[in-house]
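Below is protein07.txt, holding compact mmCIF, C-alpha atoms and all ligand atoms.
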# COMPACT_ATOMS: atom_id res chain seq x y z
CA MET A 1 -58.89 -22.58 31.38
CA THR A 2 -62.28 -22.00 33.04
CA VAL A 3 -63.26 -18.35 33.33
CA VAL A 4 -66.62 -17.77 34.99
CA VAL A 5 -68.04 -14.24 35.20
CA LEU A 6 -70.54 -13.66 38.02
CA LEU A 7 -72.77 -10.68 37.29
CA GLY A 8 -75.25 -8.92 39.51
CA ALA A 9 -76.15 -5.62 41.09
CA PRO A 10 -74.46 -4.51 44.33
CA GLY A 11 -75.65 -6.91 47.05
CA ALA A 12 -77.03 -9.54 44.66
CA GLY A 13 -74.88 -12.22 46.33
CA LYS A 14 -71.92 -12.44 43.94
CA GLY A 15 -69.31 -12.72 46.69
CA THR A 16 -71.35 -15.24 48.69
CA GLN A 17 -71.88 -17.46 45.66
CA ALA A 18 -68.33 -17.03 44.32
CA GLU A 19 -66.98 -18.57 47.53
CA ILE A 20 -69.25 -21.61 47.08
CA LEU A 21 -68.23 -21.97 43.42
CA ARG A 22 -64.55 -21.55 44.29
CA LYS A 23 -64.65 -24.62 46.52
CA ARG A 24 -66.55 -26.55 43.87
CA LEU A 25 -64.48 -25.60 40.82
CA ASN A 26 -61.13 -25.31 42.59
CA ILE A 27 -60.17 -22.08 40.84
CA PRO A 28 -59.54 -18.75 42.59
CA HIS A 29 -62.24 -16.22 43.41
CA VAL A 30 -61.09 -12.86 42.05
CA ALA A 31 -63.21 -9.99 43.37
CA THR A 32 -62.32 -6.50 42.20
CA GLY A 33 -63.96 -4.95 45.27
CA ASP A 34 -61.71 -7.07 47.52
CA LEU A 35 -58.62 -6.18 45.46
CA PHE A 36 -59.46 -2.49 45.74
CA ARG A 37 -60.17 -2.73 49.49
CA ALA A 38 -56.82 -4.50 50.00
CA ALA A 39 -55.08 -1.74 48.00
CA VAL A 40 -56.83 0.90 50.12
CA GLY A 41 -55.70 -0.91 53.27
CA GLU A 42 -52.10 -0.97 52.02
CA GLY A 43 -52.23 2.72 51.11
CA SER A 44 -50.87 1.94 47.61
CA ALA A 45 -51.24 4.35 44.67
CA ILE A 46 -54.10 2.25 43.24
CA GLY A 47 -55.76 2.19 46.66
CA LEU A 48 -55.56 5.96 47.11
CA GLU A 49 -57.03 6.51 43.63
CA ALA A 50 -59.75 3.85 44.04
CA ARG A 51 -60.89 5.17 47.41
CA ARG A 52 -61.91 8.50 45.84
CA TYR A 53 -64.50 6.64 43.76
CA MET A 54 -65.51 3.86 46.14
CA GLU A 55 -66.46 6.19 48.97
CA HIS A 56 -68.96 7.89 46.64
CA GLY A 57 -70.33 4.62 45.26
CA GLN A 58 -68.86 5.31 41.81
CA LEU A 59 -67.01 2.93 39.53
CA VAL A 60 -63.22 3.16 39.56
CA PRO A 61 -61.95 4.18 36.07
CA ASP A 62 -61.62 1.34 33.58
CA GLU A 63 -57.91 1.79 32.93
CA ILE A 64 -56.94 1.22 36.60
CA THR A 65 -59.43 -1.61 37.04
CA ILE A 66 -58.45 -3.52 33.90
CA ARG A 67 -54.73 -3.26 34.67
CA MET A 68 -55.29 -4.54 38.22
CA VAL A 69 -57.44 -7.52 37.14
CA LEU A 70 -55.19 -8.60 34.29
CA GLU A 71 -52.20 -8.51 36.64
CA ARG A 72 -54.14 -10.70 39.10
CA LEU A 73 -55.11 -13.16 36.36
CA SER A 74 -51.48 -13.47 35.27
CA ARG A 75 -50.51 -15.06 38.60
CA PRO A 76 -49.81 -18.81 38.65
CA ASP A 77 -52.86 -19.75 40.74
CA ALA A 78 -55.14 -18.40 37.98
CA ALA A 79 -53.49 -20.44 35.20
CA GLY A 80 -56.49 -22.80 35.20
CA GLY A 81 -59.01 -19.95 35.24
CA ALA A 82 -60.91 -17.91 37.82
CA ILE A 83 -64.31 -16.91 39.08
CA LEU A 84 -64.61 -13.19 38.43
CA ASP A 85 -66.80 -11.36 40.94
CA GLY A 86 -67.51 -7.70 40.19
CA PHE A 87 -65.58 -7.68 36.92
CA PRO A 88 -66.32 -6.80 34.18
CA ARG A 89 -68.54 -3.94 35.26
CA THR A 90 -68.52 -1.89 32.03
CA ALA A 91 -68.63 -2.79 28.35
CA ALA A 92 -65.03 -1.55 27.99
CA GLN A 93 -63.91 -3.92 30.77
CA ALA A 94 -65.77 -6.80 29.09
CA ARG A 95 -64.03 -6.12 25.77
CA ALA A 96 -60.62 -5.85 27.46
CA LEU A 97 -61.18 -9.20 29.18
CA ASP A 98 -62.19 -10.82 25.88
CA GLU A 99 -59.05 -9.49 24.20
CA ALA A 100 -56.73 -10.59 27.01
CA LEU A 101 -58.20 -14.09 27.09
CA ALA A 102 -58.16 -14.38 23.29
CA GLY A 103 -54.42 -13.63 23.46
CA GLN A 104 -54.10 -16.85 25.49
CA GLY A 105 -56.43 -18.84 23.23
CA ALA A 106 -59.13 -18.71 25.90
CA ARG A 107 -62.51 -17.04 26.44
CA VAL A 108 -65.17 -16.49 29.09
CA GLU A 109 -66.98 -19.82 29.35
CA HIS A 110 -69.93 -18.83 31.52
CA ALA A 111 -71.53 -15.48 32.33
CA LEU A 112 -73.99 -16.02 35.18
CA LEU A 113 -76.34 -13.23 36.24
CA ILE A 114 -77.75 -13.35 39.78
CA ASP A 115 -80.99 -11.47 39.36
CA VAL A 116 -82.41 -9.69 42.45
CA PRO A 117 -84.96 -6.83 42.43
CA THR A 118 -83.52 -3.45 43.45
CA GLU A 119 -85.82 -3.16 46.49
CA ASP A 120 -84.30 -6.34 48.01
CA LEU A 121 -80.70 -5.20 47.43
CA VAL A 122 -80.86 -2.37 49.95
CA ALA A 123 -81.97 -4.78 52.71
CA ARG A 124 -79.16 -7.17 51.81
CA LEU A 125 -76.46 -4.50 51.90
CA SER A 126 -77.64 -2.74 55.03
CA GLY A 127 -77.82 -6.10 56.88
CA ARG A 128 -74.41 -7.34 55.72
CA TRP A 129 -71.64 -8.04 58.23
CA ILE A 130 -68.09 -9.05 57.24
CA CYS A 131 -65.29 -10.56 59.31
CA ARG A 132 -62.11 -8.54 59.73
CA ALA A 133 -59.69 -11.45 59.34
CA SER A 134 -60.81 -12.99 56.03
CA GLY A 135 -63.87 -11.19 54.69
CA HIS A 136 -66.35 -14.00 55.44
CA VAL A 137 -69.81 -12.63 54.68
CA TYR A 138 -72.91 -12.78 56.93
CA HIS A 139 -76.35 -11.23 56.97
CA ALA A 140 -78.19 -10.16 60.11
CA ILE A 141 -81.32 -12.09 59.08
CA ALA A 142 -80.60 -14.34 56.08
CA ASN A 143 -77.25 -15.73 57.25
CA PRO A 144 -76.50 -14.72 60.87
CA PRO A 145 -73.38 -15.84 62.76
CA ALA A 146 -73.90 -18.24 65.68
CA VAL A 147 -72.62 -15.57 68.10
CA PRO A 148 -73.60 -11.97 67.19
CA GLY A 149 -70.60 -9.92 66.06
CA VAL A 150 -68.20 -12.90 65.82
CA CYS A 151 -67.16 -14.88 62.72
CA ASP A 152 -68.15 -18.55 62.90
CA LEU A 153 -65.11 -19.58 60.86
CA ASP A 154 -62.20 -17.70 62.42
CA GLY A 155 -63.59 -15.97 65.53
CA SER A 156 -62.69 -12.48 64.31
CA GLU A 157 -64.84 -9.39 64.83
CA LEU A 158 -67.60 -8.62 62.31
CA HIS A 159 -67.94 -5.13 60.87
CA GLN A 160 -69.98 -3.27 58.25
CA ARG A 161 -68.42 -1.91 55.05
CA ASP A 162 -68.08 1.88 54.74
CA ASP A 163 -69.95 1.83 51.43
CA ASP A 164 -72.91 -0.03 52.99
CA ARG A 165 -74.20 3.23 54.51
CA ALA A 166 -77.65 4.15 53.19
CA GLU A 167 -76.54 7.15 51.10
CA THR A 168 -73.65 5.24 49.46
CA ILE A 169 -75.90 2.25 48.74
CA ARG A 170 -78.25 4.62 46.89
CA ALA A 171 -75.34 6.10 44.91
CA ARG A 172 -74.08 2.61 43.98
CA MET A 173 -77.50 1.65 42.65
CA GLU A 174 -77.98 4.88 40.71
CA GLY A 175 -74.45 4.95 39.33
CA GLN A 176 -73.80 1.29 38.51
CA LEU A 177 -76.96 -0.42 37.27
CA GLY A 178 -76.78 1.16 33.79
CA ALA A 179 -73.25 -0.16 33.24
CA LEU A 180 -74.32 -3.61 34.49
CA ALA A 181 -77.03 -3.66 31.81
CA ASP A 182 -74.36 -3.01 29.16
CA VAL A 183 -72.27 -5.93 30.41
CA VAL A 184 -75.30 -8.22 30.52
CA GLU A 185 -75.99 -7.26 26.90
CA HIS A 186 -72.36 -7.95 25.96
CA TYR A 187 -72.62 -11.57 27.12
CA ARG A 188 -76.17 -12.02 25.86
CA ALA A 189 -74.96 -11.07 22.37
CA GLN A 190 -72.24 -13.73 22.67
CA GLY A 191 -74.80 -16.36 23.73
CA LEU A 192 -73.02 -16.86 27.06
CA LEU A 193 -75.51 -15.26 29.47
CA ARG A 194 -77.42 -17.43 31.93
CA SER A 195 -79.70 -15.84 34.49
CA VAL A 196 -80.53 -17.26 37.92
CA ASP A 197 -83.27 -16.00 40.25
CA GLY A 198 -81.33 -14.66 43.24
CA CYS A 199 -84.37 -14.24 45.49
CA TYR A 200 -84.17 -17.75 46.95
CA SER A 201 -81.97 -18.86 49.84
CA ILE A 202 -78.19 -18.91 49.45
CA SER A 203 -78.13 -22.70 49.03
CA VAL A 204 -80.93 -22.74 46.43
CA VAL A 205 -79.23 -20.01 44.41
CA ALA A 206 -75.94 -21.94 44.62
CA GLU A 207 -77.69 -25.06 43.34
CA ALA A 208 -79.14 -23.12 40.40
CA LEU A 209 -75.71 -21.72 39.52
CA LEU A 210 -74.13 -25.17 39.69
CA VAL A 211 -76.82 -26.51 37.39
CA GLN A 212 -75.95 -23.77 34.92
CA LEU A 213 -72.31 -24.78 35.20
CA GLY A 214 -73.19 -28.41 34.66
CA GLN A 215 -71.73 -29.39 38.02
CA ALA A 216 -74.78 -30.59 39.93
CA ALA A 217 -74.90 -34.09 38.51
CA GLU A 218 -71.19 -34.58 39.07
CA ARG A 219 -71.53 -33.48 42.71
CA GLU A 220 -74.24 -36.06 43.36
CA ALA A 221 -72.04 -38.85 41.95
P1 LIG B 301 -67.77 -4.69 45.29
O1 LIG B 301 -67.11 -5.08 46.54
O2 LIG B 301 -67.68 -5.57 44.10
O3 LIG B 301 -69.27 -4.37 45.64
P2 LIG B 301 -70.64 -4.70 44.87
O4 LIG B 301 -70.66 -5.09 43.48
O5 LIG B 301 -71.38 -3.49 45.18
O6 LIG B 301 -71.06 -6.01 45.43
P3 LIG B 301 -71.13 -6.37 46.89
O7 LIG B 301 -69.81 -6.93 47.35
O8 LIG B 301 -71.64 -5.20 47.68
O9 LIG B 301 -72.28 -7.46 46.88
P4 LIG B 301 -72.30 -8.96 46.44
O10 LIG B 301 -73.09 -9.09 45.19
O11 LIG B 301 -70.94 -9.56 46.44
O12 LIG B 301 -73.18 -9.53 47.61
P5 LIG B 301 -72.78 -10.41 48.90
O13 LIG B 301 -72.49 -11.81 48.50
O14 LIG B 301 -71.79 -9.70 49.75
O15 LIG B 301 -67.28 -3.26 44.81
C1 LIG B 301 -67.14 -2.20 45.72
C2 LIG B 301 -66.73 -0.94 44.96
O16 LIG B 301 -65.46 -1.16 44.31
C3 LIG B 301 -67.66 -0.52 43.84
O17 LIG B 301 -68.76 0.26 44.32
C4 LIG B 301 -66.71 0.30 42.94
O18 LIG B 301 -66.47 1.56 43.50
C5 LIG B 301 -65.44 -0.52 43.02
N1 LIG B 301 -65.37 -1.56 41.98
C6 LIG B 301 -65.42 -2.91 42.16
N2 LIG B 301 -65.32 -3.54 40.99
C7 LIG B 301 -65.20 -2.59 40.04
C8 LIG B 301 -65.07 -2.63 38.63
N3 LIG B 301 -65.02 -3.81 37.94
N4 LIG B 301 -64.98 -1.46 37.96
C9 LIG B 301 -64.98 -0.28 38.62
N5 LIG B 301 -65.13 -0.17 39.96
C10 LIG B 301 -65.22 -1.32 40.66
O19 LIG B 301 -74.22 -10.42 49.62
C11 LIG B 301 -74.78 -9.22 50.15
C12 LIG B 301 -75.55 -9.55 51.45
O20 LIG B 301 -76.67 -10.36 51.11
C13 LIG B 301 -74.71 -10.37 52.46
O21 LIG B 301 -75.05 -9.97 53.76
C14 LIG B 301 -75.17 -11.83 52.22
O22 LIG B 301 -75.07 -12.64 53.39
C15 LIG B 301 -76.62 -11.63 51.80
N6 LIG B 301 -77.08 -12.63 50.83
C16 LIG B 301 -76.38 -13.20 49.82
N7 LIG B 301 -77.14 -14.06 49.13
C17 LIG B 301 -78.37 -14.03 49.73
C18 LIG B 301 -79.61 -14.71 49.47
N8 LIG B 301 -79.71 -15.60 48.46
N9 LIG B 301 -80.64 -14.44 50.26
C19 LIG B 301 -80.54 -13.54 51.29
N10 LIG B 301 -79.40 -12.87 51.59
C20 LIG B 301 -78.32 -13.11 50.81

Is it possible to give me this structure as structure tokens?
Ligand code: AP5
Amino acid sequence: MTVVVLLGAPGAGKGTQAEILRKRLNIPHVATGDLFRAAVGEGSAIGLEARRYMEHGQLVPDEITIRMVLERLSRPDAAGGAILDGFPRTAAQARALDEALAGQGARVEHALLIDVPTEDLVARLSGRWICRASGHVYHAIANPPAVPGVCDLDGSELHQRDDDRAETIRARMEGQLGALADVVEHYRAQGLLRSVDGCYSISVVAEALLVQLGQAAEREA
């Protein structure tokens, strides 16, 4: 079982890189933000609860988040592991993940931090565009679509996330970076933390992550 935790501040590029790693490692990309947004879209009880926090840029309570992720990881497609994007986000979530994996004789194998200075994160989030059909991610400058407003991959309309408004971006930074530091420390103490400079292009960052995962040489073969 290969469990990879991708860590980084809001907008660091976790979702972008998780999609690249998913294709490479052939294990699912499990993003708590996407799970919450799907629940909001369905109008489920979890979605209604989560929306109260997400729209203010706050973390959803641990109990709801942990339950949702462990249920997702229990599905058959995650039997071989998963790339976790946006989870764990607190020390309590990290401990709960450790305990759940230990119960299956498994553990987090890699904790990869995508490190981007706070001043760059705001530009990344405010320039982000996402396709309605499948959530493919673009950036107005760093990764623009061929036709403005249209997804290259499925032709659907691009839109901006509600929480990518300037005031919510600020709240996400202020409210979430302290908890991220706790999670980074959790994996550093376990000797699992690897940090990658996220300021380079998407492909260079992907290469650095693959090197950390020991996949680069295999890909060249
Ligand atoms: P979530 O959806 O996880 O949001 P986030 O962590 O704030 O992360 P983002 O999705 O905004 O950014 P990203 O790092 O994936 O960057 P991306 O690849 O898109 O969570 C949303 C909310 O849900 C939270 O605020 C919270 O309320 C709740 N939540 C989620 N998980 C939770 C948890 N575990 N516990 C409690 N609550 C939780 O890239 C950003 C932009 O930059 C894109 O436009 C991209 O094209 C561009 N870009 C990417 N890489 C590069 C690069 N190398 N150079 C230039 N541009 C780049």

Revision key, fill the gap. Residue with the minimum atom-to-atom distance to ligand LIG 301 (chain B), picked from A:Leu125, A:Asp182, A:Val4, A:Cys151 with all atoms listed in the file counted, is A:Leu125

Practice item. Please identify every polymer residue within 7 Å of ligand LIG 301 (chain B), using only C-alpha atoms and all ligand atoms, and present the set as JSON, numbers by chain. Key: {"A": [8, 9, 10, 11, 12, 13, 14, 15, 16, 17, 31, 32, 33, 34, 36, 53, 54, 57, 58, 59, 60, 61, 62, 65, 85, 86, 87, 88, 89, 90, 124, 125, 127, 128, 129, 137, 138, 139, 142, 143, 172, 198, 199, 200, 201, 202, 205]}

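We find CA of Arg37 in chain A and CA of Arg161 in chain A to be spaced 10.0 Å apart.
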
Point to revise | One-decimal distance in Å that lies between CA of Val196 in chain A and CA of Gly214 in chain A | key: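 Taking CA of Gly214 in chain A as the start and CA of Val196 in chain A as the end point, the length is 13.7 Å.
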
Exercise for review: With a distance cut-off of 12 Å and all atoms listed in the file, select the neighbouring residues of Ser134 in chain A, excluding the residue or stretch itself and same-chain residues fewer than 2 positions from it, and output the selection as a list in words.
Suggested key: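 Counting all atoms listed in the file, the residues come to Glu19, Asp34, Ala38, Ile130, Cys131, Arg132, His136, Val137, Cys151, Asp152, Leu153, Asp154, Gly155, Ser156, Glu157, Leu158 and His159 of chain A.
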
Point to revise | For CA of Gly43 in chain A and CA of Asp163 in chain A, the interatomic separation in Å (one decimal) | key: 17.7 Å

Review point. So, counting all atoms listed in the file, which residue among A:Glu109, A:Leu6, A:Glu99, A:Ala208 is closest to Gly191 in chain A?
Key: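 Under the stated criterion, the closest residue is A:Glu109.
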
Study note, to complete from the structure: Closest of A:Leu25, A:Ala39, A:Ile46, A:Ile114 to Leu180 in chain A, counting all atoms listed in the file, is A:Ile114

Point to revise | Exercise: residues within 12 Å of coordinate (-75.8, -4.3, 30.1), counting all atoms listed in the file, as a ChimeraX atom specification | key: /A:7-9,88-94,113,176-189,193

Exercise for review: Write out as number ranges by chain which residues come within 10 Å of Leu35 in chain A when counting only C-alpha atoms, dropping same-chain ones fewer than 6 positions away.
Suggested key: A: 41, 46-47, 65, 68-69, 72
